[in-house]
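With mmCIF, C-alpha atoms inside, this is coords35.cif:
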```
data_coords
loop_
_atom_site.group_PDB
_atom_site.id
_atom_site.type_symbol
_atom_site.label_atom_id
_atom_site.label_comp_id
_atom_site.auth_asym_id
_atom_site.auth_seq_id
_atom_site.Cartn_x
_atom_site.Cartn_y
_atom_site.Cartn_z
ATOM 1 C CA MET R 4 44.073 -108.994 -101.898
ATOM 2 C CA SER R 5 42.787 -112.444 -100.904
ATOM 3 C CA ILE R 6 43.689 -113.510 -97.372
ATOM 4 C CA PRO R 7 42.836 -116.865 -95.743
ATOM 5 C CA MET R 8 40.674 -115.995 -92.733
ATOM 6 C CA ALA R 9 39.524 -117.652 -89.537
ATOM 7 C CA TYR R 10 36.867 -117.126 -86.870
ATOM 8 C CA MET R 11 37.997 -118.043 -83.364
ATOM 9 C CA ARG R 12 36.950 -117.087 -79.835
ATOM 10 C CA GLY R 13 34.307 -114.742 -81.217
ATOM 11 C CA GLU R 14 36.568 -112.832 -83.636
ATOM 12 C CA PHE R 15 37.451 -112.824 -87.320
ATOM 13 C CA MET R 16 41.198 -112.811 -87.916
ATOM 14 C CA PRO R 17 43.815 -113.778 -90.516
ATOM 15 C CA LEU R 18 44.295 -117.534 -90.507
ATOM 16 C CA ALA R 19 47.955 -117.045 -89.608
ATOM 17 C CA ASP R 20 46.874 -115.500 -86.278
ATOM 18 C CA ALA R 21 44.494 -118.316 -85.249
ATOM 19 C CA LYS R 22 46.370 -120.446 -82.703
ATOM 20 C CA ILE R 23 45.675 -123.012 -79.987
ATOM 21 C CA GLY R 24 47.892 -123.965 -77.059
ATOM 22 C CA ILE R 25 49.901 -127.178 -77.205
ATOM 23 C CA MET R 26 48.023 -128.535 -74.152
ATOM 24 C CA THR R 27 44.629 -128.154 -75.833
ATOM 25 C CA HIS R 28 42.690 -131.360 -75.209
ATOM 26 C CA ALA R 29 41.582 -131.688 -78.847
ATOM 27 C CA PHE R 30 45.190 -131.471 -80.042
ATOM 28 C CA ASN R 31 46.370 -134.129 -77.603
ATOM 29 C CA TYR R 32 43.469 -136.595 -77.900
ATOM 30 C CA GLY R 33 41.597 -135.853 -81.144
ATOM 31 C CA THR R 34 38.506 -134.768 -79.186
ATOM 32 C CA ALA R 35 36.938 -132.648 -81.911
ATOM 33 C CA VAL R 36 34.458 -132.935 -84.759
ATOM 34 C CA PHE R 37 34.568 -131.097 -88.064
ATOM 35 C CA GLU R 38 32.948 -130.404 -91.394
ATOM 36 C CA GLY R 39 34.211 -129.492 -94.844
ATOM 37 C CA ILE R 40 32.257 -126.998 -96.948
ATOM 38 C CA ARG R 41 33.137 -126.161 -100.537
ATOM 39 C CA GLY R 42 33.012 -122.745 -102.078
ATOM 40 C CA ASN R 43 32.903 -123.115 -105.872
ATOM 41 C CA TRP R 44 33.992 -120.258 -108.104
ATOM 42 C CA ASN R 45 32.031 -119.294 -111.216
ATOM 43 C CA GLY R 46 34.262 -117.006 -113.258
ATOM 44 C CA ASP R 47 31.572 -116.181 -115.816
ATOM 45 C CA GLN R 48 29.309 -114.822 -113.092
ATOM 46 C CA GLY R 49 32.099 -113.499 -110.870
ATOM 47 C CA GLU R 50 30.512 -115.347 -107.969
ATOM 48 C CA LEU R 51 31.623 -117.804 -105.310
ATOM 49 C CA TYR R 52 28.935 -120.283 -104.265
ATOM 50 C CA LEU R 53 29.079 -121.976 -100.870
ATOM 51 C CA PHE R 54 27.539 -125.431 -101.179
ATOM 52 C CA ARG R 55 24.842 -126.736 -98.827
ATOM 53 C CA VAL R 56 26.094 -124.760 -95.847
ATOM 54 C CA ARG R 57 23.065 -125.405 -93.663
ATOM 55 C CA GLU R 58 23.187 -129.178 -94.179
ATOM 56 C CA HIS R 59 26.857 -129.212 -93.193
ATOM 57 C CA VAL R 60 26.103 -127.128 -90.102
ATOM 58 C CA GLU R 61 23.314 -129.516 -89.145
ATOM 59 C CA ARG R 62 25.641 -132.507 -89.514
ATOM 60 C CA LEU R 63 28.296 -130.716 -87.447
ATOM 61 C CA ARG R 64 25.760 -130.295 -84.654
ATOM 62 C CA GLN R 65 24.829 -133.980 -84.893
ATOM 63 C CA SER R 66 28.503 -134.958 -84.674
ATOM 64 C CA ALA R 67 28.928 -132.737 -81.621
ATOM 65 C CA LYS R 68 25.883 -134.281 -79.940
ATOM 66 C CA ILE R 69 27.166 -137.810 -80.495
ATOM 67 C CA MET R 70 30.513 -136.820 -78.965
ATOM 68 C CA ARG R 71 28.873 -135.058 -75.984
ATOM 69 C CA MET R 72 29.984 -131.630 -77.100
ATOM 70 C CA GLU R 73 28.011 -128.390 -77.081
ATOM 71 C CA LEU R 74 28.063 -126.203 -80.174
ATOM 72 C CA LYS R 75 27.637 -122.744 -78.681
ATOM 73 C CA ALA R 76 26.051 -121.055 -81.679
ATOM 74 C CA SER R 77 22.741 -121.450 -83.449
ATOM 75 C CA ASP R 78 22.561 -122.806 -86.977
ATOM 76 C CA ASP R 79 21.659 -119.344 -88.260
ATOM 77 C CA GLU R 80 24.634 -117.781 -86.479
ATOM 78 C CA LEU R 81 27.024 -120.354 -87.923
ATOM 79 C CA VAL R 82 25.651 -119.989 -91.445
ATOM 80 C CA GLY R 83 26.085 -116.223 -91.169
ATOM 81 C CA GLN R 84 29.626 -116.500 -89.804
ATOM 82 C CA ILE R 85 30.662 -118.883 -92.589
ATOM 83 C CA HIS R 86 29.263 -116.490 -95.188
ATOM 84 C CA GLU R 87 31.039 -113.518 -93.626
ATOM 85 C CA LEU R 88 34.271 -115.494 -93.438
ATOM 86 C CA ALA R 89 34.097 -116.082 -97.191
ATOM 87 C CA VAL R 90 33.287 -112.404 -97.880
ATOM 88 C CA ARG R 91 36.227 -111.241 -95.757
ATOM 89 C CA SER R 92 38.660 -113.645 -97.443
ATOM 90 C CA GLU R 93 37.830 -112.220 -100.913
ATOM 91 C CA PHE R 94 38.893 -115.297 -102.889
ATOM 92 C CA ARG R 95 38.061 -115.602 -106.579
ATOM 93 C CA GLU R 96 38.790 -119.321 -106.786
ATOM 94 C CA ASP R 97 37.568 -122.559 -105.242
ATOM 95 C CA VAL R 98 37.847 -122.577 -101.452
ATOM 96 C CA TYR R 99 37.312 -124.916 -98.536
ATOM 97 C CA VAL R 100 35.733 -123.925 -95.213
ATOM 98 C CA ARG R 101 36.412 -126.022 -92.134
ATOM 99 C CA PRO R 102 34.231 -125.619 -89.015
ATOM 100 C CA ILE R 103 35.541 -127.466 -85.946
ATOM 101 C CA VAL R 104 33.917 -128.033 -82.556
ATOM 102 C CA TYR R 105 36.612 -129.000 -80.079
ATOM 103 C CA LYS R 106 37.512 -129.594 -76.470
ATOM 104 C CA SER R 107 39.397 -126.395 -75.719
ATOM 105 C CA SER R 108 40.449 -127.109 -72.118
ATOM 106 C CA GLU R 109 44.222 -127.170 -71.644
ATOM 107 C CA VAL R 110 44.352 -130.229 -69.406
ATOM 108 C CA LEU R 111 45.704 -133.763 -69.560
ATOM 109 C CA GLY R 112 43.524 -136.847 -69.132
ATOM 110 C CA VAL R 113 41.431 -138.982 -71.485
ATOM 111 C CA ARG R 114 37.714 -138.189 -71.215
ATOM 112 C CA MET R 115 34.902 -136.316 -72.949
ATOM 113 C CA HIS R 116 33.081 -134.892 -69.902
ATOM 114 C CA ASP R 117 33.945 -131.984 -67.596
ATOM 115 C CA LEU R 118 35.805 -130.078 -70.324
ATOM 116 C CA GLN R 119 35.211 -126.782 -72.117
ATOM 117 C CA ASP R 120 33.791 -126.818 -75.644
ATOM 118 C CA ASP R 121 34.541 -124.182 -78.263
ATOM 119 C CA TYR R 122 34.350 -123.869 -82.028
ATOM 120 C CA LEU R 123 36.304 -122.242 -84.805
ATOM 121 C CA LEU R 124 36.097 -121.735 -88.561
ATOM 122 C CA PHE R 125 38.780 -121.287 -91.158
ATOM 123 C CA LEU R 126 38.900 -120.870 -94.924
ATOM 124 C CA ALA R 127 41.643 -121.541 -97.457
ATOM 125 C CA PRO R 128 41.981 -122.012 -101.241
ATOM 126 C CA PHE R 129 41.387 -125.600 -102.327
ATOM 127 C CA GLY R 130 41.628 -127.044 -105.824
ATOM 128 C CA ALA R 131 40.961 -130.541 -107.165
ATOM 129 C CA TYR R 132 41.489 -133.339 -104.630
ATOM 130 C CA LEU R 133 41.337 -136.174 -107.188
ATOM 131 C CA ASP R 134 41.543 -135.795 -110.963
ATOM 132 C CA PRO R 135 37.885 -135.487 -112.038
ATOM 133 C CA GLU R 136 38.658 -136.092 -115.716
ATOM 134 C CA ALA R 137 41.250 -138.883 -115.675
ATOM 135 C CA GLY R 138 39.595 -140.683 -112.763
ATOM 136 C CA ALA R 139 41.113 -142.411 -109.750
ATOM 137 C CA ARG R 140 43.106 -145.615 -109.497
ATOM 138 C CA CYS R 141 42.168 -147.265 -106.220
ATOM 139 C CA MET R 142 43.282 -150.162 -104.060
ATOM 140 C CA THR R 143 41.463 -152.068 -101.364
ATOM 141 C CA SER R 144 43.193 -151.011 -98.174
ATOM 142 C CA SER R 145 44.576 -153.473 -95.656
ATOM 143 C CA TRP R 146 43.168 -151.125 -93.012
ATOM 144 C CA ARG R 147 39.524 -151.709 -92.039
ATOM 145 C CA ARG R 148 37.001 -148.944 -91.529
ATOM 146 C CA VAL R 149 36.571 -148.237 -87.821
ATOM 147 C CA ASP R 150 33.344 -149.775 -86.546
ATOM 148 C CA ASP R 151 30.547 -147.625 -85.115
ATOM 149 C CA THR R 152 30.972 -149.473 -81.812
ATOM 150 C CA SER R 153 34.573 -148.231 -81.635
ATOM 151 C CA ILE R 154 34.323 -144.645 -82.907
ATOM 152 C CA PRO R 155 30.928 -143.316 -84.064
ATOM 153 C CA ALA R 156 30.784 -143.619 -87.851
ATOM 154 C CA ARG R 157 28.043 -140.975 -88.169
ATOM 155 C CA ALA R 158 30.241 -138.328 -86.563
ATOM 156 C CA LYS R 159 33.151 -136.647 -88.339
ATOM 157 C CA VAL R 160 35.526 -137.142 -85.436
ATOM 158 C CA ASN R 161 38.987 -135.634 -85.909
ATOM 159 C CA GLY R 162 40.737 -138.523 -84.174
ATOM 160 C CA LEU R 163 38.971 -141.089 -86.353
ATOM 161 C CA TYR R 164 40.729 -139.752 -89.442
ATOM 162 C CA VAL R 165 43.960 -141.492 -88.455
ATOM 163 C CA ASN R 166 42.175 -144.537 -89.887
ATOM 164 C CA ASN R 167 41.549 -142.681 -93.149
ATOM 165 C CA ALA R 168 45.070 -141.251 -93.265
ATOM 166 C CA MET R 169 46.634 -144.702 -92.947
ATOM 167 C CA ALA R 170 44.528 -145.952 -95.878
ATOM 168 C CA LYS R 171 45.388 -142.911 -98.020
ATOM 169 C CA THR R 172 49.111 -143.177 -97.356
ATOM 170 C CA GLU R 173 49.133 -146.928 -97.991
ATOM 171 C CA ALA R 174 47.419 -146.361 -101.330
ATOM 172 C CA GLN R 175 49.651 -143.542 -102.499
ATOM 173 C CA LEU R 176 52.889 -145.233 -101.440
ATOM 174 C CA SER R 177 51.684 -148.297 -103.358
ATOM 175 C CA GLY R 178 51.241 -146.275 -106.541
ATOM 176 C CA PHE R 179 47.470 -145.647 -106.349
ATOM 177 C CA ASP R 180 45.436 -142.462 -105.965
ATOM 178 C CA GLU R 181 43.063 -143.596 -103.245
ATOM 179 C CA GLY R 182 42.286 -146.403 -100.814
ATOM 180 C CA ILE R 183 38.959 -148.164 -100.378
ATOM 181 C CA LEU R 184 38.199 -149.269 -96.833
ATOM 182 C CA LEU R 185 36.228 -152.412 -96.095
ATOM 183 C CA ASN R 186 34.274 -152.664 -92.858
ATOM 184 C CA GLN R 187 34.898 -155.208 -90.128
ATOM 185 C CA ASP R 188 32.690 -157.727 -91.988
ATOM 186 C CA GLY R 189 34.704 -157.347 -95.187
ATOM 187 C CA HIS R 190 32.108 -155.327 -97.091
ATOM 188 C CA VAL R 191 32.842 -152.132 -99.022
ATOM 189 C CA SER R 192 32.488 -149.084 -96.777
ATOM 190 C CA GLU R 193 34.049 -145.938 -98.257
ATOM 191 C CA GLY R 194 37.203 -144.251 -99.500
ATOM 192 C CA SER R 195 39.619 -142.436 -97.212
ATOM 193 C CA GLY R 196 37.718 -139.205 -97.808
ATOM 194 C CA GLU R 197 34.788 -140.159 -100.002
ATOM 195 C CA ASN R 198 31.647 -142.226 -100.265
ATOM 196 C CA ILE R 199 31.668 -144.850 -103.007
ATOM 197 C CA ALA R 200 28.993 -146.028 -105.428
ATOM 198 C CA ILE R 201 28.814 -148.469 -108.314
ATOM 199 C CA LEU R 202 26.725 -148.734 -111.457
ATOM 200 C CA ARG R 203 25.456 -152.197 -112.454
ATOM 201 C CA ARG R 204 22.808 -152.935 -115.066
ATOM 202 C CA GLY R 205 21.678 -149.326 -115.173
ATOM 203 C CA ARG R 206 21.246 -148.964 -111.407
ATOM 204 C CA ILE R 207 23.374 -147.027 -108.910
ATOM 205 C CA ILE R 208 24.194 -149.038 -105.786
ATOM 206 C CA THR R 209 25.612 -147.561 -102.579
ATOM 207 C CA PRO R 210 26.551 -149.160 -99.226
ATOM 208 C CA PRO R 211 23.999 -148.618 -96.420
ATOM 209 C CA PRO R 212 24.800 -146.594 -93.272
ATOM 210 C CA GLN R 213 25.139 -149.798 -91.218
ATOM 211 C CA ASP R 214 28.278 -150.611 -93.228
ATOM 212 C CA ASN R 215 29.925 -147.776 -91.274
ATOM 213 C CA ILE R 216 29.794 -145.093 -93.940
ATOM 214 C CA LEU R 217 29.576 -141.407 -93.219
ATOM 215 C CA GLU R 218 26.148 -140.288 -94.387
ATOM 216 C CA GLY R 219 27.448 -138.110 -97.188
ATOM 217 C CA ILE R 220 25.941 -134.784 -98.216
ATOM 218 C CA THR R 221 27.669 -134.892 -101.598
ATOM 219 C CA LEU R 222 26.510 -138.488 -102.100
ATOM 220 C CA GLU R 223 22.922 -137.515 -101.340
ATOM 221 C CA THR R 224 23.282 -134.627 -103.802
ATOM 222 C CA ALA R 225 24.670 -136.865 -106.558
ATOM 223 C CA LEU R 226 21.942 -139.451 -106.060
ATOM 224 C CA ARG R 227 19.220 -136.821 -106.314
ATOM 225 C CA ILE R 228 20.717 -135.553 -109.579
ATOM 226 C CA ALA R 229 21.004 -139.151 -110.830
ATOM 227 C CA ARG R 230 17.293 -139.702 -110.191
ATOM 228 C CA GLU R 231 15.992 -136.332 -111.389
ATOM 229 C CA GLU R 232 18.362 -135.551 -114.248
ATOM 230 C CA LEU R 233 19.441 -138.979 -115.512
ATOM 231 C CA GLY R 234 16.386 -141.053 -114.583
ATOM 232 C CA LEU R 235 18.436 -143.705 -112.779
ATOM 233 C CA GLU R 236 17.283 -146.056 -110.047
ATOM 234 C CA VAL R 237 19.233 -146.066 -106.783
ATOM 235 C CA GLU R 238 19.639 -149.062 -104.500
ATOM 236 C CA GLU R 239 21.163 -149.072 -101.020
ATOM 237 C CA ARG R 240 22.682 -152.425 -100.098
ATOM 238 C CA THR R 241 25.880 -154.165 -99.050
ATOM 239 C CA ILE R 242 28.612 -154.330 -101.698
ATOM 240 C CA ASP R 243 31.344 -156.974 -101.716
ATOM 241 C CA ARG R 244 34.901 -156.242 -102.783
ATOM 242 C CA SER R 245 34.626 -158.513 -105.829
ATOM 243 C CA GLU R 246 31.588 -156.587 -107.053
ATOM 244 C CA LEU R 247 33.821 -153.563 -107.586
ATOM 245 C CA TYR R 248 35.733 -155.574 -110.211
ATOM 246 C CA ILE R 249 32.660 -156.404 -112.281
ATOM 247 C CA ALA R 250 30.787 -153.113 -111.907
ATOM 248 C CA ASP R 251 30.008 -151.246 -115.106
ATOM 249 C CA GLU R 252 31.188 -148.032 -113.433
ATOM 250 C CA VAL R 253 32.455 -146.950 -110.020
ATOM 251 C CA PHE R 254 32.590 -143.410 -108.672
ATOM 252 C CA MET R 255 33.435 -141.564 -105.475
ATOM 253 C CA THR R 256 31.719 -138.536 -103.962
ATOM 254 C CA GLY R 257 32.778 -136.078 -101.290
ATOM 255 C CA THR R 258 33.225 -132.426 -100.432
ATOM 256 C CA ALA R 259 36.851 -132.582 -101.549
ATOM 257 C CA ALA R 260 36.456 -135.104 -104.395
ATOM 258 C CA HIS R 261 33.138 -133.834 -105.827
ATOM 259 C CA VAL R 262 32.080 -136.660 -108.204
ATOM 260 C CA THR R 263 35.177 -138.577 -109.340
ATOM 261 C CA PRO R 264 35.165 -141.653 -111.591
ATOM 262 C CA VAL R 265 37.143 -144.714 -110.484
ATOM 263 C CA VAL R 266 38.933 -146.341 -113.430
ATOM 264 C CA GLU R 267 40.765 -149.140 -111.645
ATOM 265 C CA VAL R 268 40.466 -151.150 -108.421
ATOM 266 C CA ASP R 269 43.337 -153.389 -107.285
ATOM 267 C CA ARG R 270 44.816 -153.166 -110.805
ATOM 268 C CA VAL R 271 41.556 -154.477 -112.304
ATOM 269 C CA PRO R 272 40.103 -152.005 -114.840
ATOM 270 C CA VAL R 273 36.600 -150.778 -114.103
ATOM 271 C CA GLY R 274 34.666 -151.307 -117.330
ATOM 272 C CA ASP R 275 37.079 -150.453 -120.124
ATOM 273 C CA GLY R 276 39.442 -148.644 -117.754
ATOM 274 C CA ARG R 277 38.203 -145.173 -118.681
ATOM 275 C CA PRO R 278 35.769 -142.826 -116.887
ATOM 276 C CA GLY R 279 32.288 -144.224 -117.436
ATOM 277 C CA PRO R 280 29.741 -142.280 -119.512
ATOM 278 C CA VAL R 281 27.063 -142.249 -116.801
ATOM 279 C CA THR R 282 29.541 -141.017 -114.180
ATOM 280 C CA MET R 283 30.717 -138.257 -116.515
ATOM 281 C CA GLN R 284 27.132 -137.188 -117.208
ATOM 282 C CA LEU R 285 26.476 -137.112 -113.477
ATOM 283 C CA GLN R 286 29.703 -135.209 -112.833
ATOM 284 C CA ASN R 287 28.812 -132.646 -115.498
ATOM 285 C CA ARG R 288 25.380 -131.966 -114.047
ATOM 286 C CA TYR R 289 26.819 -131.856 -110.519
ATOM 287 C CA PHE R 290 29.447 -129.268 -111.483
ATOM 288 C CA GLN R 291 26.791 -127.168 -113.181
ATOM 289 C CA ALA R 292 24.619 -127.350 -110.068
ATOM 290 C CA ILE R 293 27.332 -126.337 -107.582
ATOM 291 C CA THR R 294 28.489 -123.381 -109.686
ATOM 292 C CA GLY R 295 25.063 -121.817 -110.026
ATOM 293 C CA ARG R 296 24.306 -122.896 -113.587
ATOM 294 C CA LEU R 297 21.180 -124.928 -112.748
ATOM 295 C CA PRO R 298 18.574 -122.647 -111.126
ATOM 296 C CA GLN R 299 16.455 -125.629 -110.048
ATOM 297 C CA TYR R 300 19.108 -126.387 -107.414
ATOM 298 C CA ALA R 301 19.464 -122.809 -106.146
ATOM 299 C CA GLU R 302 18.397 -123.929 -102.662
ATOM 300 C CA TRP R 303 21.772 -125.644 -102.252
ATOM 301 C CA LEU R 304 23.815 -122.494 -102.852
ATOM 302 C CA THR R 305 24.830 -119.441 -100.850
ATOM 303 C CA PRO R 306 26.185 -116.696 -103.165
ATOM 304 C CA VAL R 307 29.057 -114.988 -101.349
ATOM 305 C CA TYR R 308 29.402 -111.662 -103.138
ATOM 306 C CA SER R 309 26.048 -110.841 -104.712
ATOM 307 C CA GLY R 310 23.891 -111.980 -101.817
ATOM 308 C CA ALA R 311 21.181 -112.731 -104.399
ATOM 309 C CA ALA R 312 19.507 -116.062 -105.003
ATOM 310 C CA VAL R 313 20.618 -118.069 -108.025
ATOM 311 C CA GLY R 314 18.308 -117.466 -110.964
ATOM 312 C CA ALA R 315 16.788 -114.343 -109.384
#
```
The structure in this file should be written as structure tokens.
Amino acid sequence: MSIPMAYMRGEFMPLADAKIGIMTHAFNYGTAVFEGIRGNWNGDQGELYLFRVREHVERLRQSAKIMRMELKASDDELVGQIHELAVRSEFREDVYVRPIVYKSSEVLGVRMHDLQDDYLLFLAPFGAYLDPEAGARCMTSSWRRVDDTSIPARAKVNGLYVNNAMAKTEAQLSGFDEGILLNQDGHVSEGSGENIAILRRGRIITPPPQDNILEGITLETALRIAREELGLEVEERTIDRSELYIADEVFMTGTAAHVTPVVEVDRVPVGDGRPGPVTMQLQNRYFQAITGRLPQYAEWLTPVYSGAAVGA
């Protein structure tokens, strides 16, 4: 029987038993950083593949460093714990693993120093976040992406995601699927939970890190596939809001969203208003890669149940 599991205070336990106190500093002030790691189920092989675990662990450690937090486990230990967590949960479907480094002290007072750091992991089933076939209808949010000089953009800070949540709620209550955040200069930054890219004249264009994007692992994956599998050029530069309207294609990438086409922005159709052919090619190759069907990308995958390398 599949059971959502957690790892907390050095122990594996059912997720329902993993609790924090209501005075926990991270709960009161958002003083935590996190990651999201996908486990993708391949029914034909009877295998669950964790995707780019080590890269996510490395980014978690970077986030912790930026926020003056100590991650009290090595990368190898964390990778092993995440794998064991997935084995213990026994899911035969897509899952999501969330590692969190947090200020665990039960004290009041706004600060980052002189507090205890701890970490936890939990796993739960997780299906499609956005419709990968129909595509997403997006709006430009009235909320601006938080600047790196306010909350570090290169860290996945729990408290920062209030910004993202406001954009997501605004979009959905306005009849859209997703919001697109502009930065403080009015340039395209990212979605509420995704990086964003456009296709113009046969070239993929993405915003640069200085436009306050999270440096996305899924985005980097998609761009590598675009170069190697589709032969596309990639350009990193600032994108204006109006350029979204005239792009040949627009797509979003993220741990939750995978590769999702955008079919409309601010009620303006992208292209002909249907998922673009290049995006769908890229999505197809991406899904094959993350489910163990492309042996050339085996390095990205951790098989949960077989323990064997893809293509071995």
The PyMOL selection byres ((chain R and resi 208-215) around 9) resolved against shown file, as an NGL selection string: :R and (148-151 or 155-157 or 185-188 or 190-193 or 198-203 or 206-207 or 216-218 or 236-242)
Resolved residues for the PyMOL selection byres ((chain R and resi 14) around 12) as a PyMOL selection string: chain R and resi 8-13+15-18+20-21+84+87-88+122-125
May I have the residues within 10 Å of segment 132-139 of chain R as a PDB file with C-alpha atoms, in the frame of the given file, using only C-alpha atoms and disregarding those fewer than 6 positions away in the same chain?
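Printed below is result.pdb as written:
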```
ATOM      1  CA  PHE R 179      47.470-145.647-106.349  1.00  0.00           C
ATOM      2  CA  ASP R 180      45.436-142.462-105.965  1.00  0.00           C
ATOM      3  CA  GLU R 181      43.063-143.596-103.245  1.00  0.00           C
ATOM      4  CA  GLY R 182      42.286-146.403-100.814  1.00  0.00           C
ATOM      5  CA  GLY R 196      37.718-139.205 -97.808  1.00  0.00           C
ATOM      6  CA  VAL R 253      32.455-146.950-110.020  1.00  0.00           C
ATOM      7  CA  PHE R 254      32.590-143.410-108.672  1.00  0.00           C
ATOM      8  CA  MET R 255      33.435-141.564-105.475  1.00  0.00           C
ATOM      9  CA  GLY R 257      32.778-136.078-101.290  1.00  0.00           C
ATOM     10  CA  THR R 258      33.225-132.426-100.432  1.00  0.00           C
ATOM     11  CA  ALA R 259      36.851-132.582-101.549  1.00  0.00           C
ATOM     12  CA  ALA R 260      36.456-135.104-104.395  1.00  0.00           C
ATOM     13  CA  HIS R 261      33.138-133.834-105.827  1.00  0.00           C
ATOM     14  CA  VAL R 262      32.080-136.660-108.204  1.00  0.00           C
ATOM     15  CA  THR R 263      35.177-138.577-109.340  1.00  0.00           C
ATOM     16  CA  PRO R 264      35.165-141.653-111.591  1.00  0.00           C
ATOM     17  CA  VAL R 265      37.143-144.714-110.484  1.00  0.00           C
ATOM     18  CA  VAL R 266      38.933-146.341-113.430  1.00  0.00           C
ATOM     19  CA  GLU R 267      40.765-149.140-111.645  1.00  0.00           C
ATOM     20  CA  VAL R 268      40.466-151.150-108.421  1.00  0.00           C
ATOM     21  CA  GLY R 276      39.442-148.644-117.754  1.00  0.00           C
ATOM     22  CA  ARG R 277      38.203-145.173-118.681  1.00  0.00           C
ATOM     23  CA  PRO R 278      35.769-142.826-116.887  1.00  0.00           C
ATOM     24  CA  GLY R 279      32.288-144.224-117.436  1.00  0.00           C
ATOM     25  CA  MET R 283      30.717-138.257-116.515  1.00  0.00           C
ATOM     26  CA  GLN R 286      29.703-135.209-112.833  1.00  0.00           C
TER      27      GLN R 286
END
```
Explicit residues for the PyMOL selection byres ((chain R and resi 73) around 10) (as a VMD selection string): chain R and resid 64 67 to 68 70 to 72 74 to 76 104 to 106 119 to 122
Proximity to Asn166 of chain R - best of R:Thr221, R:Ser195, R:Thr152, R:Ser77, all atoms listed in the file: R:Ser195
Which residue of R:Ala127, R:Ser177, R:Arg41, R:Arg101 approaches Arg55 of chain R most closely, using all atoms listed in the file: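 Of R:Ala127, R:Ser177, R:Arg41, R:Arg101, the one nearest Arg55 of chain R is R:Arg41, counting all atoms listed in the file.
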Shell of 12 Å around Arg227 of chain R, all atoms listed in the file, local chain residues under 4 positions omitted, as a PyMOL selection string: chain R and resi 207+220-223+231-237+285+288-289+292+300
Could you write out the selected residues, including C-alpha atoms, as a PDB file, keeping the file's coordinate frame?
```
ATOM      1  CA  ILE R 207      23.374-147.027-108.910  1.00  0.00           C
ATOM      2  CA  ILE R 220      25.941-134.784 -98.216  1.00  0.00           C
ATOM      3  CA  THR R 221      27.669-134.892-101.598  1.00  0.00           C
ATOM      4  CA  LEU R 222      26.510-138.488-102.100  1.00  0.00           C
ATOM      5  CA  GLU R 223      22.922-137.515-101.340  1.00  0.00           C
ATOM      6  CA  GLU R 231      15.992-136.332-111.389  1.00  0.00           C
ATOM      7  CA  GLU R 232      18.362-135.551-114.248  1.00  0.00           C
ATOM      8  CA  LEU R 233      19.441-138.979-115.512  1.00  0.00           C
ATOM      9  CA  GLY R 234      16.386-141.053-114.583  1.00  0.00           C
ATOM     10  CA  LEU R 235      18.436-143.705-112.779  1.00  0.00           C
ATOM     11  CA  GLU R 236      17.283-146.056-110.047  1.00  0.00           C
ATOM     12  CA  VAL R 237      19.233-146.066-106.783  1.00  0.00           C
ATOM     13  CA  LEU R 285      26.476-137.112-113.477  1.00  0.00           C
ATOM     14  CA  ARG R 288      25.380-131.966-114.047  1.00  0.00           C
ATOM     15  CA  TYR R 289      26.819-131.856-110.519  1.00  0.00           C
ATOM     16  CA  ALA R 292      24.619-127.350-110.068  1.00  0.00           C
ATOM     17  CA  TYR R 300      19.108-126.387-107.414  1.00  0.00           C
TER      18      TYR R 300
END
```
Straight-line distance linking atom CA of Asn167 of chain R with atom CA of Cys141 of chain R, stated in Å to one decimal: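 Going from atom CA of Asn167 of chain R over to atom CA of Cys141 of chain R, I get 13.9 Å.
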Contacts of Val82 of chain R within 12 Å, only C-alpha atoms, excl. fewer than 4 positions in-chain, as a list in words: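 Once the adjacent positions are removed, what remains is Ile40, Leu53, Phe54, Arg55, Val56, Arg57, Glu58, His59, Val60, Glu61, Leu63, Ala76, Ser77, Asp78, His86, Glu87, Leu88, Ala89, Val100, Pro102, Leu124, Leu304, Thr305 and Val307 of chain R.
Distance check against Asn287 of chain R using all atoms listed in the file: of R:Trp303, R:Met4, R:Ser245, R:Ile228, the minimum falls on R:Ile228.
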Gap from atom CA of Gly49 of chain R to atom CA of Leu297 of chain R - Å, one decimal: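 Between these atoms lies a distance of 15.9 Å.
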Proximity to His116 of chain R - best of R:Arg62, R:Glu96, R:Arg244, R:Thr34, all atoms listed in the file: R:Thr34
Interatomic distance (Å, one decimal) between atom CA of Ile25 of chain R and atom CA of Tyr164 of chain R: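 Value for the atom CA of Ile25 of chain R-atom CA of Tyr164 of chain R distance: 19.8 Å.
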Using all atoms listed in the file: which of R:Ser92, R:Asn161, R:Asn45, R:Thr143 has the shortest distance to Ala174 of chain R: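 Closest to Ala174 of chain R of all the choices is R:Thr143.
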Among the residues R:Val98, R:Ala225, R:Val271, R:Met115, the one that comes closest to Phe129 of chain R [using all atoms listed in the file]: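 Looking at the shortest contact to Phe129 of chain R, the residue is R:Val98.
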For Asp97 of chain R: contacts at 7 Å, all atoms listed in the file, fewer than 4 positions along chain excluded, given as number ranges by chain: R: 42-44, 128-130
